[in-house]
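S.K.: Take a look at start.cif, mmCIF, C-alpha atoms:
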```
data_work
loop_
_atom_site.label_atom_id
_atom_site.label_comp_id
_atom_site.auth_asym_id
_atom_site.auth_seq_id
_atom_site.Cartn_x
_atom_site.Cartn_y
_atom_site.Cartn_z
CA MET A 138 -2.26 -66.49 13.63
CA ARG A 139 -2.12 -65.22 10.03
CA ARG A 140 -5.72 -64.05 10.23
CA ALA A 141 -4.97 -62.05 13.40
CA LEU A 142 -1.89 -60.51 11.80
CA LEU A 143 -3.86 -59.61 8.67
CA SER A 144 -6.55 -57.98 10.83
CA VAL A 145 -3.93 -55.88 12.62
CA VAL A 146 -2.44 -54.77 9.29
CA VAL A 147 -5.88 -53.81 7.90
CA VAL A 148 -6.76 -51.83 11.04
CA ALA A 149 -3.36 -50.08 10.99
CA ALA A 150 -3.76 -49.21 7.29
CA ALA A 151 -7.25 -47.83 7.92
CA ALA A 152 -5.92 -45.65 10.75
CA VAL A 153 -3.20 -44.25 8.48
CA LEU A 154 -5.47 -43.67 5.47
CA ALA A 155 -8.46 -42.21 7.36
CA PRO A 156 -6.94 -38.70 7.70
CA VAL A 157 -6.16 -38.68 3.98
CA ALA A 158 -9.81 -39.46 3.18
CA LEU A 159 -10.92 -36.58 5.43
CA ALA A 160 -8.36 -34.12 4.09
CA LYS A 161 -9.50 -30.56 3.61
CA GLY A 162 -8.97 -28.47 0.49
CA LYS A 163 -6.88 -25.37 -0.14
CA VAL A 164 -6.49 -23.06 -3.13
CA ALA A 165 -3.92 -20.25 -3.36
CA PHE A 166 -4.66 -17.69 -6.08
CA GLU A 167 -2.56 -14.68 -7.20
CA ASP A 168 -3.33 -12.15 -9.90
CA THR A 169 -2.73 -8.56 -10.95
CA ILE A 170 -6.04 -6.74 -11.31
CA PRO A 171 -6.32 -3.45 -13.22
CA SER A 172 -8.11 -0.57 -11.52
CA GLY A 173 -11.86 -1.00 -12.01
CA GLY A 174 -11.45 -4.70 -12.80
CA SER A 175 -12.04 -8.00 -11.11
CA SER A 176 -10.66 -11.51 -11.03
CA SER A 177 -12.12 -14.77 -9.80
CA VAL A 178 -11.45 -18.37 -8.92
CA THR A 179 -14.07 -21.14 -8.96
CA ILE A 180 -14.15 -24.07 -6.54
CA THR A 181 -16.40 -27.14 -6.66
CA THR A 182 -17.00 -29.00 -3.41
CA HIS A 183 -18.42 -32.51 -3.25
CA ARG A 184 -19.72 -32.19 0.31
CA ALA A 185 -20.71 -29.37 2.65
CA ALA A 186 -17.82 -26.97 3.25
CA SER A 187 -16.91 -24.24 5.74
CA PHE A 188 -14.77 -21.72 3.87
CA ARG A 189 -11.97 -19.68 5.45
CA VAL A 190 -10.29 -17.00 3.37
CA LEU A 191 -7.20 -14.82 3.59
CA LEU A 192 -6.99 -11.87 1.19
CA ARG A 193 -3.90 -9.69 0.72
CA VAL A 194 -4.35 -6.41 -1.19
CA PRO A 195 -2.50 -3.07 -1.35
CA THR A 196 -3.57 -0.30 1.02
CA ALA A 197 -3.70 2.25 -1.85
CA GLY A 198 -7.19 1.52 -3.14
CA ARG A 199 -10.41 -0.36 -2.44
CA ALA A 200 -10.91 -4.10 -2.69
CA LYS A 201 -14.04 -6.20 -2.21
CA LEU A 202 -14.34 -9.99 -1.96
CA TYR A 203 -17.60 -11.65 -3.01
CA LEU A 204 -18.78 -15.25 -2.88
CA VAL A 205 -21.06 -16.19 -5.78
CA GLY A 206 -22.94 -19.45 -6.28
CA LYS A 207 -26.36 -21.09 -6.21
CA HIS A 208 -26.13 -21.67 -2.44
CA ALA A 209 -23.90 -18.68 -1.58
CA PRO A 210 -25.20 -16.15 0.94
CA ARG A 211 -26.59 -12.94 -0.56
CA GLY A 212 -26.12 -9.41 0.63
CA GLY A 213 -22.78 -7.93 -0.36
CA PRO A 214 -19.07 -8.48 0.01
CA LEU A 215 -17.54 -10.70 2.66
CA ILE A 216 -14.57 -8.31 2.85
CA ALA A 217 -14.40 -4.64 1.87
CA THR A 218 -11.36 -2.36 2.28
CA SER A 219 -10.80 1.32 1.61
CA ASN A 220 -7.68 3.46 1.44
CA THR A 221 -8.73 5.36 4.59
CA ALA A 222 -9.71 2.48 6.88
CA PRO A 223 -9.85 -1.29 6.52
CA SER A 224 -12.90 -3.32 7.47
CA GLY A 225 -12.88 -4.98 10.90
CA ALA A 226 -11.56 -8.19 9.32
CA CYS A 227 -8.40 -6.49 7.98
CA GLN A 228 -5.08 -5.38 9.42
CA GLY A 229 -2.56 -3.21 7.61
CA ALA A 230 1.17 -3.81 7.43
CA ALA A 231 3.86 -2.38 5.13
CA GLY A 232 1.52 -1.23 2.36
CA SER A 233 -0.78 -4.28 2.41
CA PHE A 234 -4.04 -5.22 4.07
CA TYR A 235 -4.33 -8.79 5.33
CA CYS A 236 -8.02 -9.64 5.59
CA LYS A 237 -9.62 -12.78 7.03
CA GLY A 238 -13.15 -14.06 6.65
CA SER A 239 -15.16 -17.26 6.94
CA TYR A 240 -18.46 -18.85 6.03
CA GLU A 241 -20.32 -21.49 8.00
CA PRO A 242 -20.94 -24.83 6.24
CA LEU A 243 -22.48 -24.36 2.82
CA PRO A 244 -24.00 -27.18 0.77
CA LYS A 245 -21.88 -28.97 -1.80
CA GLY A 246 -21.73 -27.14 -5.08
CA THR A 247 -19.75 -24.72 -7.24
CA TYR A 248 -18.67 -21.43 -5.70
CA THR A 249 -16.84 -18.50 -7.26
CA TRP A 250 -14.70 -16.11 -5.22
CA ARG A 251 -14.51 -12.73 -6.99
CA VAL A 252 -12.14 -9.90 -6.03
CA THR A 253 -12.85 -6.39 -7.34
CA TRP A 254 -10.29 -3.59 -7.23
CA VAL A 255 -10.40 0.20 -7.64
CA GLY A 256 -6.88 1.58 -7.40
CA SER A 257 -5.80 4.99 -6.30
CA PRO A 258 -4.65 6.59 -8.65
CA LYS A 259 -5.86 4.01 -11.15
CA ALA A 260 -3.02 1.66 -10.25
CA PRO A 261 -3.32 -2.11 -10.74
CA ALA A 262 -3.09 -4.35 -7.69
CA HIS A 263 -1.29 -7.60 -7.01
CA VAL A 264 -3.78 -9.62 -4.94
CA GLU A 265 -3.39 -12.93 -3.17
CA LEU A 266 -6.35 -15.03 -2.09
CA THR A 267 -6.12 -18.25 -0.10
CA VAL A 268 -9.29 -20.31 0.37
CA ARG A 269 -9.46 -23.29 2.73
CA TRP A 270 -12.35 -25.64 3.36
#
```
Would you kindly transcribe this structure into structure tokens?

M.R.:
Amino acid sequence: MRRALLSVVVVAAAAVLAPVALAKGKVAFEDTIPSGGSSSVTITTHRAASFRVLLRVPTAGRAKLYLVGKHAPRGGPLIATSNTAPSGACQGAAGSFYCKGSYEPLPKGTYTWRVTWVGSPKAPAHVELTVRW
């Protein structure tokens, strides 16, 4: 009887702890970037990861979001905005662009998300970047 009860407790504990072991990661990053400058955040994953990003930048200027790393895709920014029209991944509201992007599973490793900003007229920008994997 005790063995059966112990087995039930172990199975119940495993069911409760399994989602914790499979938990995904999230980083929220905020910074003020001077015009012509950039800022970055580095993330190290210990298994393959599919990244999803949300970038908030002012509409008065141009922002670009890059992913840099040994296994990162090459070819340019994931997100690029301008003060005349946002990229297809962005929507404007009340002076801010909200931009979304994603990457398919990338191998484990260290990745750096870099945001560049060119303000109009040379104004700094408060940017917010949320990365989930």

S.K.: Can you translate the PyMOL selection byres ((chain A and resi 217) around 9) into the concrete residues it hits in this file, as a PyMOL selection string?

M.R.: chain A and resi 199-202+214-216+218-219+223-224+226-227+236

S.K.: Got a sec: who's within 6 Å of Arg269 of chain A, counting all atoms listed in the file, leaving out chain neighbours fewer than 4 positions off, as a PyMOL selection string?

M.R.: chain A and resi 162-163+188-189

S.K.: As an exercise, work out the distance from atom CA of Ala197 of chain A to atom CA of Ala209 of chain A in Å and give it to one decimal place.

M.R.: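 Separating atom CA of Ala197 of chain A from atom CA of Ala209 of chain A is a distance of 29.1 Å.
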
S.K.: So which one's closest to Lys245 of chain A, A:Gly206, A:Pro171, A:Gly232, A:Pro195? Using all atoms listed in the file, please.

M.R.: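 Using all atoms listed in the file, the shortest distance to Lys245 of chain A belongs to A:Gly206.
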
S.K.: What is the distance between atom CA of Ala231 of chain A and atom CA of Ser177 of chain A, in Å to one decimal?

M.R.: 25.1 Å

S.K.: Taking all atoms listed in the file into account, which of A:Lys161, A:His263, A:Val268, A:Asp168 comes nearest Val190 of chain A?

M.R.: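 Residue with the minimum atom-to-atom distance to Val190 of chain A: A:Val268.
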